[in-house]
Structure formats: structure tokens, C-alpha cells
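Asks: So here's my_file32.pdb (PDB, C-alpha atoms).
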ATOM      1  CA  MET A   3     -40.531  27.123  19.423
ATOM      2  CA  THR A   4     -42.134  24.231  17.564
ATOM      3  CA  SER A   5     -40.841  20.679  17.137
ATOM      4  CA  GLU A   6     -39.911  21.748  13.612
ATOM      5  CA  ASP A   7     -37.725  24.516  15.050
ATOM      6  CA  LEU A   8     -36.015  22.038  17.365
ATOM      7  CA  LYS A   9     -34.763  20.074  14.362
ATOM      8  CA  ASN A  10     -32.304  22.894  13.715
ATOM      9  CA  ILE A  11     -31.164  23.172  17.341
ATOM     10  CA  LYS A  12     -28.841  20.793  19.163
ATOM     11  CA  HIS A  13     -30.832  18.961  21.829
ATOM     12  CA  VAL A  14     -31.414  15.607  23.497
ATOM     13  CA  ILE A  15     -34.477  14.000  25.018
ATOM     14  CA  ASN A  16     -34.372  12.901  28.655
ATOM     15  CA  GLY A  17     -37.645  11.235  29.559
ATOM     16  CA  ASP A  18     -40.350  13.890  29.423
ATOM     17  CA  TYR A  19     -37.834  16.720  29.018
ATOM     18  CA  ILE A  20     -35.940  18.376  26.185
ATOM     19  CA  VAL A  21     -32.383  19.425  27.024
ATOM     20  CA  ILE A  22     -30.832  22.214  24.934
ATOM     21  CA  PRO A  23     -27.134  22.870  25.642
ATOM     22  CA  ILE A  24     -25.648  26.356  25.660
ATOM     23  CA  GLU A  25     -22.118  26.019  24.321
ATOM     24  CA  THR A  26     -19.475  28.680  24.869
ATOM     25  CA  GLY A  27     -15.761  29.265  25.025
ATOM     26  CA  TYR A  28     -14.051  29.416  28.414
ATOM     27  CA  ILE A  29     -15.648  32.101  30.585
ATOM     28  CA  LYS A  30     -12.652  33.998  31.936
ATOM     29  CA  PRO A  31     -12.097  35.662  35.310
ATOM     30  CA  ASN A  32     -14.245  38.801  35.744
ATOM     31  CA  GLU A  33     -15.869  38.277  32.332
ATOM     32  CA  ASN A  34     -19.623  38.829  32.008
ATOM     33  CA  LEU A  35     -22.083  35.994  31.399
ATOM     34  CA  ASN A  36     -23.404  37.279  28.071
ATOM     35  CA  SER A  37     -22.289  34.100  26.286
ATOM     36  CA  ILE A  38     -24.875  32.261  28.405
ATOM     37  CA  ILE A  39     -27.541  34.948  28.693
ATOM     38  CA  GLY A  40     -27.609  35.813  24.954
ATOM     39  CA  PRO A  41     -28.497  32.302  23.715
ATOM     40  CA  ALA A  42     -30.870  31.820  26.665
ATOM     41  CA  LYS A  43     -32.800  34.959  25.656
ATOM     42  CA  GLU A  44     -33.125  33.669  22.127
ATOM     43  CA  LEU A  45     -33.976  30.028  22.830
ATOM     44  CA  MET A  46     -35.977  30.013  26.041
ATOM     45  CA  LYS A  47     -39.746  29.911  26.350
ATOM     46  CA  ASP A  48     -41.921  30.611  29.361
ATOM     47  CA  ASN A  49     -41.785  27.796  31.950
ATOM     48  CA  ASP A  50     -38.330  26.633  30.823
ATOM     49  CA  TYR A  51     -35.480  26.056  33.247
ATOM     50  CA  LEU A  52     -31.977  27.426  32.750
ATOM     51  CA  VAL A  53     -29.506  25.366  34.783
ATOM     52  CA  ILE A  54     -25.992  26.802  35.129
ATOM     53  CA  ALA A  55     -22.917  25.120  36.599
ATOM     54  CA  GLU A  56     -21.422  26.912  39.580
ATOM     55  CA  THR A  57     -17.841  27.213  38.290
ATOM     56  CA  PRO A  58     -18.408  29.671  35.386
ATOM     57  CA  ILE A  59     -20.424  31.840  37.779
ATOM     58  CA  SER A  60     -17.591  31.803  40.329
ATOM     59  CA  ILE A  61     -14.914  32.522  37.743
ATOM     60  CA  SER A  62     -16.938  35.386  36.272
ATOM     61  CA  GLN A  63     -17.070  36.818  39.814
ATOM     62  CA  GLY A  64     -13.288  36.494  40.091
ATOM     63  CA  ARG A  65     -13.563  34.064  43.006
ATOM     64  CA  LEU A  66     -10.173  32.474  42.340
ATOM     65  CA  ILE A  67      -7.479  31.497  44.827
ATOM     66  CA  ASP A  68      -3.828  30.748  43.972
ATOM     67  CA  GLU A  69      -3.032  27.688  46.073
ATOM     68  CA  SER A  70       0.704  27.988  45.435
ATOM     69  CA  LYS A  71       0.715  30.959  47.831
ATOM     70  CA  TYR A  72      -0.392  28.765  50.752
ATOM     71  CA  LYS A  73       2.226  26.955  52.821
ATOM     72  CA  PRO A  74       0.831  23.656  54.143
ATOM     73  CA  SER A  75       0.665  23.372  57.926
ATOM     74  CA  LEU A  76       1.274  20.117  59.794
ATOM     75  CA  THR A  77      -2.511  19.762  60.046
ATOM     76  CA  ALA A  78      -2.890  20.092  56.268
ATOM     77  CA  LYS A  79      -0.153  17.522  55.673
ATOM     78  CA  PHE A  80      -1.756  15.088  58.134
ATOM     79  CA  LEU A  81      -5.189  15.533  56.541
ATOM     80  CA  THR A  82      -3.750  14.931  53.067
ATOM     81  CA  VAL A  83      -1.428  11.983  53.638
ATOM     82  CA  VAL A  84      -2.634  10.113  56.716
ATOM     83  CA  TRP A  85      -6.332  10.996  56.794
ATOM     84  CA  SER A  86      -7.359  11.267  53.123
ATOM     85  CA  LYS A  87      -4.812   9.170  51.210
ATOM     86  CA  TYR A  88      -4.342   6.257  53.585
ATOM     87  CA  LEU A  89      -7.203   6.141  56.081
ATOM     88  CA  TRP A  90      -9.931   7.021  53.579
ATOM     89  CA  GLY A  91      -8.199   5.605  50.502
ATOM     90  CA  TYR A  92      -7.472   2.204  52.008
ATOM     91  CA  VAL A  93      -9.707   1.722  55.075
ATOM     92  CA  LEU A  94     -12.784   3.928  55.471
ATOM     93  CA  GLY A  95     -13.478   4.416  51.761
ATOM     94  CA  PRO A  96     -13.713   0.702  50.936
ATOM     95  CA  LEU A  97     -15.511   0.005  54.231
ATOM     96  CA  LEU A  98     -18.206   2.601  53.502
ATOM     97  CA  LYS A  99     -18.295   1.574  49.824
ATOM     98  CA  ILE A 100     -17.645   5.042  48.407
ATOM     99  CA  LYS A 101     -17.150   5.295  44.646
ATOM    100  CA  LYS A 102     -14.258   3.217  43.290
ATOM    101  CA  ARG A 103     -13.136   6.227  41.256
ATOM    102  CA  THR A 104     -12.910   8.316  44.438
ATOM    103  CA  ILE A 105     -10.897   5.605  46.207
ATOM    104  CA  LYS A 106      -8.527   5.387  43.241
ATOM    105  CA  ASN A 107      -8.067   9.161  43.213
ATOM    106  CA  LEU A 108      -7.463   9.301  46.970
ATOM    107  CA  ARG A 109      -4.738   6.687  46.713
ATOM    108  CA  ARG A 110      -2.850   8.823  44.209
ATOM    109  CA  LEU A 111      -3.262  12.264  45.766
ATOM    110  CA  PRO A 112      -0.429  14.522  44.526
ATOM    111  CA  LYS A 113       1.739  16.470  46.968
ATOM    112  CA  GLU A 114       0.070  19.708  45.802
ATOM    113  CA  THR A 115      -3.039  18.532  47.666
ATOM    114  CA  GLU A 116      -1.346  19.612  50.899
ATOM    115  CA  ALA A 117      -1.585  23.275  49.837
ATOM    116  CA  HIS A 118      -5.183  22.658  48.791
ATOM    117  CA  LYS A 119      -6.019  21.320  52.255
ATOM    118  CA  GLU A 120      -4.430  24.431  53.754
ATOM    119  CA  VAL A 121      -6.724  26.612  51.622
ATOM    120  CA  VAL A 122      -9.745  24.668  52.863
ATOM    121  CA  LEU A 123      -8.584  24.937  56.472
ATOM    122  CA  GLN A 124      -8.020  28.672  56.286
ATOM    123  CA  LEU A 125     -11.147  29.591  54.323
ATOM    124  CA  TYR A 126     -13.691  27.036  55.553
ATOM    125  CA  GLY A 127     -12.272  25.385  58.673
ATOM    126  CA  LEU A 128     -11.662  21.862  59.899
ATOM    127  CA  LYS A 129     -15.286  20.815  59.393
ATOM    128  CA  HIS A 130     -14.781  20.999  55.625
ATOM    129  CA  ALA A 131     -11.091  20.051  55.509
ATOM    130  CA  LEU A 132     -11.882  16.673  57.110
ATOM    131  CA  LYS A 133     -13.818  15.737  53.972
ATOM    132  CA  PRO A 134     -11.414  13.501  52.011
ATOM    133  CA  ALA A 135     -12.205  15.088  48.619
ATOM    134  CA  SER A 136     -14.312  17.821  46.946
ATOM    135  CA  GLU A 137     -14.085  19.976  50.036
ATOM    136  CA  ALA A 138     -16.445  22.964  50.328
ATOM    137  CA  GLY A 139     -17.263  22.848  46.615
ATOM    138  CA  ILE A 140     -13.823  24.168  45.622
ATOM    139  CA  ASP A 141     -13.192  23.367  41.941
ATOM    140  CA  LEU A 142      -9.649  22.464  40.914
ATOM    141  CA  SER A 143     -10.351  21.379  37.350
ATOM    142  CA  ASN A 144     -11.619  24.465  35.513
ATOM    143  CA  ALA A 145      -9.130  27.129  36.550
ATOM    144  CA  PRO A 146      -5.679  27.901  35.135
ATOM    145  CA  GLY A 147      -2.379  26.884  36.723
ATOM    146  CA  THR A 148      -2.395  26.623  40.500
ATOM    147  CA  TYR A 149      -5.662  28.548  40.823
ATOM    148  CA  VAL A 150      -8.924  27.069  42.090
ATOM    149  CA  SER A 151     -12.417  28.522  42.135
ATOM    150  CA  LEU A 152     -14.593  28.853  45.214
ATOM    151  CA  LEU A 153     -18.364  28.556  45.223
ATOM    152  CA  PRO A 154     -20.220  31.566  43.779
ATOM    153  CA  GLU A 155     -21.093  34.467  46.006
ATOM    154  CA  ASN A 156     -24.860  34.742  46.587
ATOM    155  CA  PRO A 157     -26.019  32.342  43.823
ATOM    156  CA  GLU A 158     -29.684  33.119  44.497
ATOM    157  CA  LYS A 159     -29.102  36.791  43.714
ATOM    158  CA  VAL A 160     -27.162  35.866  40.563
ATOM    159  CA  ALA A 161     -29.980  33.563  39.405
ATOM    160  CA  LYS A 162     -32.539  36.344  39.877
ATOM    161  CA  GLU A 163     -30.377  38.847  37.980
ATOM    162  CA  ILE A 164     -29.959  36.447  35.065
ATOM    163  CA  LYS A 165     -33.718  35.824  34.943
ATOM    164  CA  LYS A 166     -34.307  39.568  34.850
ATOM    165  CA  GLU A 167     -31.989  39.883  31.850
ATOM    166  CA  ILE A 168     -33.701  37.023  30.016
ATOM    167  CA  ASN A 169     -37.017  38.798  30.688
ATOM    168  CA  LYS A 170     -39.247  35.723  30.408
ATOM    169  CA  GLU A 171     -41.230  33.598  32.864
ATOM    170  CA  VAL A 172     -38.434  31.105  33.339
ATOM    171  CA  THR A 173     -36.617  29.562  36.295
ATOM    172  CA  VAL A 174     -32.847  30.019  36.607
ATOM    173  CA  MET A 175     -30.942  27.640  38.852
ATOM    174  CA  ILE A 176     -27.239  27.380  39.737
ATOM    175  CA  ILE A 177     -26.039  23.906  40.743
ATOM    176  CA  ASP A 178     -22.983  22.057  42.042
ATOM    177  CA  THR A 179     -22.215  18.408  41.304
ATOM    178  CA  ASP A 180     -21.487  17.686  44.975
ATOM    179  CA  ALA A 181     -24.246  15.575  46.447
ATOM    180  CA  THR A 182     -27.404  16.326  48.332
ATOM    181  CA  TYR A 183     -28.451  13.426  50.549
ATOM    182  CA  MET A 184     -31.764  12.407  52.081
ATOM    183  CA  LYS A 185     -32.422  10.571  55.335
ATOM    184  CA  ASN A 186     -35.809  10.230  57.057
ATOM    185  CA  GLY A 187     -37.317  12.617  54.525
ATOM    186  CA  LYS A 188     -34.833  15.413  55.262
ATOM    187  CA  TYR A 189     -32.340  16.800  52.754
ATOM    188  CA  PHE A 190     -28.785  17.863  53.601
ATOM    189  CA  THR A 191     -25.417  18.536  51.975
ATOM    190  CA  GLY A 192     -21.824  19.030  53.052
ATOM    191  CA  LEU A 193     -21.578  22.122  50.833
ATOM    192  CA  PRO A 194     -21.475  25.539  52.524
ATOM    193  CA  LEU A 195     -24.738  26.622  50.861
ATOM    194  CA  ALA A 196     -27.835  25.308  49.089
ATOM    195  CA  ILE A 197     -31.406  26.336  48.302
ATOM    196  CA  GLU A 198     -34.010  26.583  51.048
ATOM    197  CA  GLY A 199     -35.135  23.113  52.130
ATOM    198  CA  ILE A 200     -31.652  21.579  51.972
ATOM    199  CA  ASP A 201     -29.726  21.747  55.251
ATOM    200  CA  ALA A 202     -26.295  23.010  54.162
ATOM    201  CA  ASP A 203     -22.810  23.583  55.570
ATOM    202  CA  LYS A 204     -22.498  20.130  57.154
ATOM    203  CA  GLY A 205     -18.980  19.589  55.800
ATOM    204  CA  PHE A 206     -17.364  16.242  56.629
ATOM    205  CA  PHE A 207     -20.177  15.302  59.020
ATOM    206  CA  GLY A 208     -22.731  15.686  56.247
ATOM    207  CA  TYR A 209     -20.522  13.615  53.949
ATOM    208  CA  LEU A 210     -20.152  10.866  56.552
ATOM    209  CA  LYS A 211     -23.876  10.789  57.293
ATOM    210  CA  GLY A 212     -24.477  10.866  53.547
ATOM    211  CA  GLN A 213     -22.682   7.522  53.120
ATOM    212  CA  MET A 214     -25.493   6.000  55.174
ATOM    213  CA  SER A 215     -28.235   7.939  53.418
ATOM    214  CA  GLU A 216     -29.723   8.183  49.917
ATOM    215  CA  ASN A 217     -27.646  10.167  47.436
ATOM    216  CA  MET A 218     -30.088  12.467  45.641
ATOM    217  CA  GLY A 219     -27.568  13.814  43.102
ATOM    218  CA  SER A 220     -26.417  17.356  42.334
ATOM    219  CA  THR A 221     -27.049  20.222  44.750
ATOM    220  CA  PRO A 222     -29.051  23.318  43.742
ATOM    221  CA  LEU A 223     -27.149  26.278  45.220
ATOM    222  CA  GLY A 224     -29.470  29.111  44.287
ATOM    223  CA  CYS A 225     -32.676  29.627  42.327
ATOM    224  CA  SER A 226     -34.538  32.597  40.918
ATOM    225  CA  GLU A 227     -37.832  31.284  42.348
ATOM    226  CA  LYS A 228     -39.088  29.537  45.442
ATOM    227  CA  ILE A 229     -38.961  25.922  44.351
ATOM    228  CA  ASP A 230     -39.659  22.661  46.114
ATOM    229  CA  VAL A 231     -36.576  20.542  46.726
ATOM    230  CA  GLU A 232     -37.861  17.511  44.815
ATOM    231  CA  THR A 233     -38.420  19.515  41.621
ATOM    232  CA  ALA A 234     -35.094  21.319  41.999
ATOM    233  CA  LEU A 235     -33.206  18.038  42.402
ATOM    234  CA  LYS A 236     -34.984  16.477  39.429
ATOM    235  CA  ILE A 237     -34.080  19.380  37.141
ATOM    236  CA  ALA A 238     -30.513  19.579  38.496
ATOM    237  CA  ASN A 239     -29.966  15.893  37.791
ATOM    238  CA  ILE A 240     -31.303  16.132  34.245
ATOM    239  CA  ALA A 241     -28.703  18.856  33.664
ATOM    240  CA  GLU A 242     -25.999  16.737  35.286
ATOM    241  CA  ASP A 243     -26.947  13.726  33.129
ATOM    242  CA  TYR A 244     -26.213  15.828  30.066
ATOM    243  CA  GLN A 245     -22.864  17.024  31.436
ATOM    244  CA  LYS A 246     -21.816  13.433  32.138
ATOM    245  CA  SER A 247     -22.434  12.561  28.489
ATOM    246  CA  LEU A 248     -19.854  15.082  27.253
ATOM    247  CA  GLU A 249     -16.362  13.985  26.226
ATOM    248  CA  THR A 250     -15.008  17.297  27.546
ATOM    249  CA  GLU A 251     -16.320  16.808  31.079
ATOM    250  CA  MET A 252     -13.552  17.545  33.610
ATOM    251  CA  LYS A 253     -15.046  16.297  36.852
ATOM    252  CA  THR A 254     -11.738  15.600  38.599
ATOM    253  CA  ILE A 255      -8.142  16.805  38.377
ATOM    254  CA  HIS A 256      -7.256  13.448  36.844
ATOM    255  CA  SER A 257      -9.592  13.998  33.883
ATOM    256  CA  VAL A 258      -7.975  17.347  33.062
ATOM    257  CA  LYS A 259      -4.919  15.773  31.448
ATOM    258  CA  ALA A 260      -7.097  13.448  29.360
ATOM    259  CA  VAL A 261      -9.159  16.351  28.024
ATOM    260  CA  LEU A 262      -6.569  19.138  27.750
ATOM    261  CA  GLY A 263      -3.313  17.176  27.506
ATOM    262  CA  ALA A 264      -1.734  19.197  30.327
ATOM    263  CA  GLU A 265      -0.934  18.620  33.988
ATOM    264  CA  ILE A 266      -3.392  20.300  36.352
ATOM    265  CA  ASP A 267      -0.913  22.958  37.559
ATOM    266  CA  GLU A 268       0.233  23.745  34.006
ATOM    267  CA  VAL A 269      -3.151  24.428  32.428
ATOM    268  CA  THR A 270      -3.416  27.854  30.790
ATOM    269  CA  ILE A 271      -6.453  29.940  29.933
ATOM    270  CA  GLU A 272      -5.585  29.212  26.289
ATOM    271  CA  ASP A 273      -5.799  25.472  27.026
ATOM    272  CA  LEU A 274      -9.151  25.932  28.693
ATOM    273  CA  ASP A 275     -10.382  28.044  25.780
ATOM    274  CA  SER A 276      -9.322  25.391  23.249
ATOM    275  CA  ILE A 277     -12.350  23.187  23.948
ATOM    276  CA  THR A 278     -16.095  23.742  23.801
ATOM    277  CA  HIS A 279     -17.655  24.335  27.201
ATOM    278  CA  THR A 280     -21.261  23.727  28.148
ATOM    279  CA  PRO A 281     -21.769  25.887  31.239
ATOM    280  CA  ALA A 282     -25.562  25.787  31.029
ATOM    281  CA  VAL A 283     -28.493  23.860  29.632
ATOM    282  CA  ILE A 284     -32.086  24.797  28.948
ATOM    283  CA  ILE A 285     -34.568  22.195  30.184
ATOM    284  CA  ARG A 286     -38.097  22.143  28.806
ATOM    285  CA  LYS A 287     -41.041  19.859  29.496
ATOM    286  CA  SER A 288     -41.797  18.121  26.198
TER     287      SER A 288
END
Starting from the file, lay out its structure as C-alpha cells.

Replies:
Amino acid sequence: MTSEDLKNIKHVINGDYIVIPIETGYIKPNENLNSIIGPAKELMKDNDYLVIAETPISISQGRLIDESKYKPSLTAKFLTVVWSKYLWGYVLGPLLKIKKRTIKNLRRLPKETEAHKEVVLQLYGLKHALKPASEAGIDLSNAPGTYVSLLPENPEKVAKEIKKEINKEVTVMIIDTDATYMKNGKYFTGLPLAIEGIDADKGFFGYLKGQMSENMGSTPLGCSEKIDVETALKIANIAEDYQKSLETEMKTIHSVKAVLGAEIDEVTIEDLDSITHTPAVIIRKS
């Protein structure tokens, strides 16, 4: 693909890289990923990167949980109201200088968060439930109604399968916006999984240590190739930069209403399908 060809394709320049978005409708539960793979086959060249957000992968795998079916325990209620809303929202959050947006969101946690905490407790344990927000990579903002999506199952295998379908010498990577941190030259994340070289499954303790470490940006969950952590993080963050530029980005439950005009527990698949989604981007060295 020449620079002349690029004139007819939506793209942006990020430093030394060209970013080409793959735009789709809402990828529904148990639906295949052809709406990503088809354009990738057509547009990608050897040595390109295809970076895919974790949520469409999870939803295509049917990894959805209905939180309304979980009755909050006393532990879940304590973790929601006392621990997350008040202790982290008013004391620890400001003290550790976490993001102002996160503090604001913690202070207005809805009652439904109690059921969410129960899900985290039952599926991932106290280590993850202690995290005041974004626990275990569970996504509340891109699923219908009271459903949430878990992290993808075996993202490395999925990345390799997608590369095989594209049938070019490219690198496929699946990422999550939750942070990877670095301290003393070592990388770690609170998320249950990450690529080799990032110490994963640290839960709350990784998050707490992360507040005293360098935030390296989005976390690569799985990759079709062996890749060094520095390169993986660089590519993941270029993809995340593009996502942040979109008006339709739904990073938190509070941004859902602004984008879709519906409360988080009232969102339908039709609502989600009413906007353009960008589940993946192609990244190419210019």
C-alpha cells in the first residue's frame, strides 16, 4: 500500500507510525470476528501490527455474566460502600493522588456496584475485589443490561488464530486498558493475565504498588509472537491513544449515558449497535 493508497483510507499519524482504524458495528455475543479479520486481510502488510481491544474478543466468546443474578454478601457491601466509596474515594485516593476522574467515580458508586463486587469475589477472590475499581479487567460499559464481560479466554491462542486467518507476516495483539506498571525495571499488572515478561495476577496489591511505580499504560494480554515488553507496550499505547480520541469511547459506566443516552443497566444490544465501534487498529511503521 503506497502513500497514494492511504489517501483513500481513514488513518492518523502518531509519531513514526500510521494508525488505520477498523470500524464495525457492535460485535454480539458468540458472533465471529470476521468484521475485524476481513478488513485486516485487505489492509494489512507484512510487519504491521493488529491491535484488538479485549472486550469484543470476550463478547465473541460469550464470556458474559449477568450481575443481577448475584446477591451481594456483607463482604461485597463493605467493599463497595466503606472500602471503595468512602475510604478510597475520600482518603486513600486523594492521598495516593490517583486520577481525579477515578476519585469522582468512586464517590458516586451506584448501589448496583454491590452485586458487581460479589461477582468479583466469587470469580476472582478477595485479592481482586479489594481493588477499588476496574477489578480483574471486568468490563461494565460494553455489554447490554446488567451483563458484564470478563477477560478473554486464552488471548494468546486467539491472537495466533487471527494471524493465521490473515495469512501475512503480521503481529496480532490483544490489549486491555488497565495499567501495566514498572518498578526497578520489572513490569507488573493487577490483571489476571498478561504477555510473558509482565508479572500478572497481582490484583489489589499490584494496584497499590503501582501507585508508587511508573504507569506504563495499557496491558498486552496476548500476542501472536514472542515480543519484548517495551515494544508491546509502545504499540499498545499507540492503539490506546487512538481510542481516547474517539467521541464514542466508553471507558467507564458514567460515559455510557453520554454516548448512548441510556442508563448502564438499561442499555440494549440495539443501543450498542447504534454507534460505530473501533474494536481494532492497524499500526504500521511509516

Asks: Excluding Ser37 (chain A) and its own-chain neighbours fewer than 2 positions away, which residues fall within 9 Å of it when counting only C-alpha atoms? Please give them as a list of chain:residue names.

Replies: A:Ile24, A:Glu25, A:Thr26, A:Gly27, A:Ile29, A:Asn34, A:Leu35, A:Ile39, A:Gly40, A:Pro41, A:Ala42

Asks: Applying the PyMOL selection byres ((chain A and resi 15) around 12) to the file I just gave you, which residues come out? Please list them as a PyMOL selection string.

Replies: chain A and resi 8+12-14+16-23+240-241+243-244+284-288

Asks: Work out how far CA of Pro194 (chain A) is from CA of Val150 (chain A), in Å to one decimal.

Replies: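 We find that CA of Val150 (chain A) and CA of Pro194 (chain A) lie 16.4 Å from each other.
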
Asks: Rank A:Asp180, A:Glu155, A:Glu137, A:Glu171 by their smallest atom-to-atom distance to Gly205 (chain A), using all atoms listed in the file, and report the top residue only.

Replies: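 Nearest to Gly205 (chain A): A:Glu137.
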
Asks: When you count all atoms listed in the file, which of these residues is closest to Leu248 (chain A): A:Ile61, A:Leu89, A:Leu235, A:Ile277?

Replies: A:Ile277

Asks: Give me the result of the PyMOL selection byres ((chain A and resi 52) around 12) on this file, residue by residue, as a PDB file with C-alpha atoms, in the frame of the given file.

Replies:
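Everything below was put into selection_28.pdb:
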ATOM      1  CA  ILE A  20     -35.940  18.376  26.185  1.00  0.00           C
ATOM      2  CA  VAL A  21     -32.383  19.425  27.024  1.00  0.00           C
ATOM      3  CA  ILE A  22     -30.832  22.214  24.934  1.00  0.00           C
ATOM      4  CA  PRO A  23     -27.134  22.870  25.642  1.00  0.00           C
ATOM      5  CA  ILE A  24     -25.648  26.356  25.660  1.00  0.00           C
ATOM      6  CA  ILE A  38     -24.875  32.261  28.405  1.00  0.00           C
ATOM      7  CA  ILE A  39     -27.541  34.948  28.693  1.00  0.00           C
ATOM      8  CA  PRO A  41     -28.497  32.302  23.715  1.00  0.00           C
ATOM      9  CA  ALA A  42     -30.870  31.820  26.665  1.00  0.00           C
ATOM     10  CA  LYS A  43     -32.800  34.959  25.656  1.00  0.00           C
ATOM     11  CA  LEU A  45     -33.976  30.028  22.830  1.00  0.00           C
ATOM     12  CA  MET A  46     -35.977  30.013  26.041  1.00  0.00           C
ATOM     13  CA  LYS A  47     -39.746  29.911  26.350  1.00  0.00           C
ATOM     14  CA  ASP A  48     -41.921  30.611  29.361  1.00  0.00           C
ATOM     15  CA  ASN A  49     -41.785  27.796  31.950  1.00  0.00           C
ATOM     16  CA  ASP A  50     -38.330  26.633  30.823  1.00  0.00           C
ATOM     17  CA  TYR A  51     -35.480  26.056  33.247  1.00  0.00           C
ATOM     18  CA  VAL A  53     -29.506  25.366  34.783  1.00  0.00           C
ATOM     19  CA  ILE A  54     -25.992  26.802  35.129  1.00  0.00           C
ATOM     20  CA  ALA A  55     -22.917  25.120  36.599  1.00  0.00           C
ATOM     21  CA  ALA A 161     -29.980  33.563  39.405  1.00  0.00           C
ATOM     22  CA  LYS A 162     -32.539  36.344  39.877  1.00  0.00           C
ATOM     23  CA  ILE A 164     -29.959  36.447  35.065  1.00  0.00           C
ATOM     24  CA  LYS A 165     -33.718  35.824  34.943  1.00  0.00           C
ATOM     25  CA  ILE A 168     -33.701  37.023  30.016  1.00  0.00           C
ATOM     26  CA  LYS A 170     -39.247  35.723  30.408  1.00  0.00           C
ATOM     27  CA  GLU A 171     -41.230  33.598  32.864  1.00  0.00           C
ATOM     28  CA  VAL A 172     -38.434  31.105  33.339  1.00  0.00           C
ATOM     29  CA  THR A 173     -36.617  29.562  36.295  1.00  0.00           C
ATOM     30  CA  VAL A 174     -32.847  30.019  36.607  1.00  0.00           C
ATOM     31  CA  MET A 175     -30.942  27.640  38.852  1.00  0.00           C
ATOM     32  CA  ILE A 176     -27.239  27.380  39.737  1.00  0.00           C
ATOM     33  CA  ILE A 177     -26.039  23.906  40.743  1.00  0.00           C
ATOM     34  CA  GLY A 224     -29.470  29.111  44.287  1.00  0.00           C
ATOM     35  CA  CYS A 225     -32.676  29.627  42.327  1.00  0.00           C
ATOM     36  CA  SER A 226     -34.538  32.597  40.918  1.00  0.00           C
ATOM     37  CA  GLU A 227     -37.832  31.284  42.348  1.00  0.00           C
ATOM     38  CA  ALA A 234     -35.094  21.319  41.999  1.00  0.00           C
ATOM     39  CA  ILE A 237     -34.080  19.380  37.141  1.00  0.00           C
ATOM     40  CA  ALA A 238     -30.513  19.579  38.496  1.00  0.00           C
ATOM     41  CA  ILE A 240     -31.303  16.132  34.245  1.00  0.00           C
ATOM     42  CA  ALA A 241     -28.703  18.856  33.664  1.00  0.00           C
ATOM     43  CA  PRO A 281     -21.769  25.887  31.239  1.00  0.00           C
ATOM     44  CA  ALA A 282     -25.562  25.787  31.029  1.00  0.00           C
ATOM     45  CA  VAL A 283     -28.493  23.860  29.632  1.00  0.00           C
ATOM     46  CA  ILE A 284     -32.086  24.797  28.948  1.00  0.00           C
ATOM     47  CA  ILE A 285     -34.568  22.195  30.184  1.00  0.00           C
ATOM     48  CA  ARG A 286     -38.097  22.143  28.806  1.00  0.00           C
TER      49      ARG A 286
END

Asks: Tell me which of A:Ser220, A:Ser276, A:Ser75, A:Thr104 sits closest to Glu120 (chain A), counting all atoms listed in the file.

Replies: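 That would be A:Ser75, the residue with the smallest distance to Glu120 (chain A).
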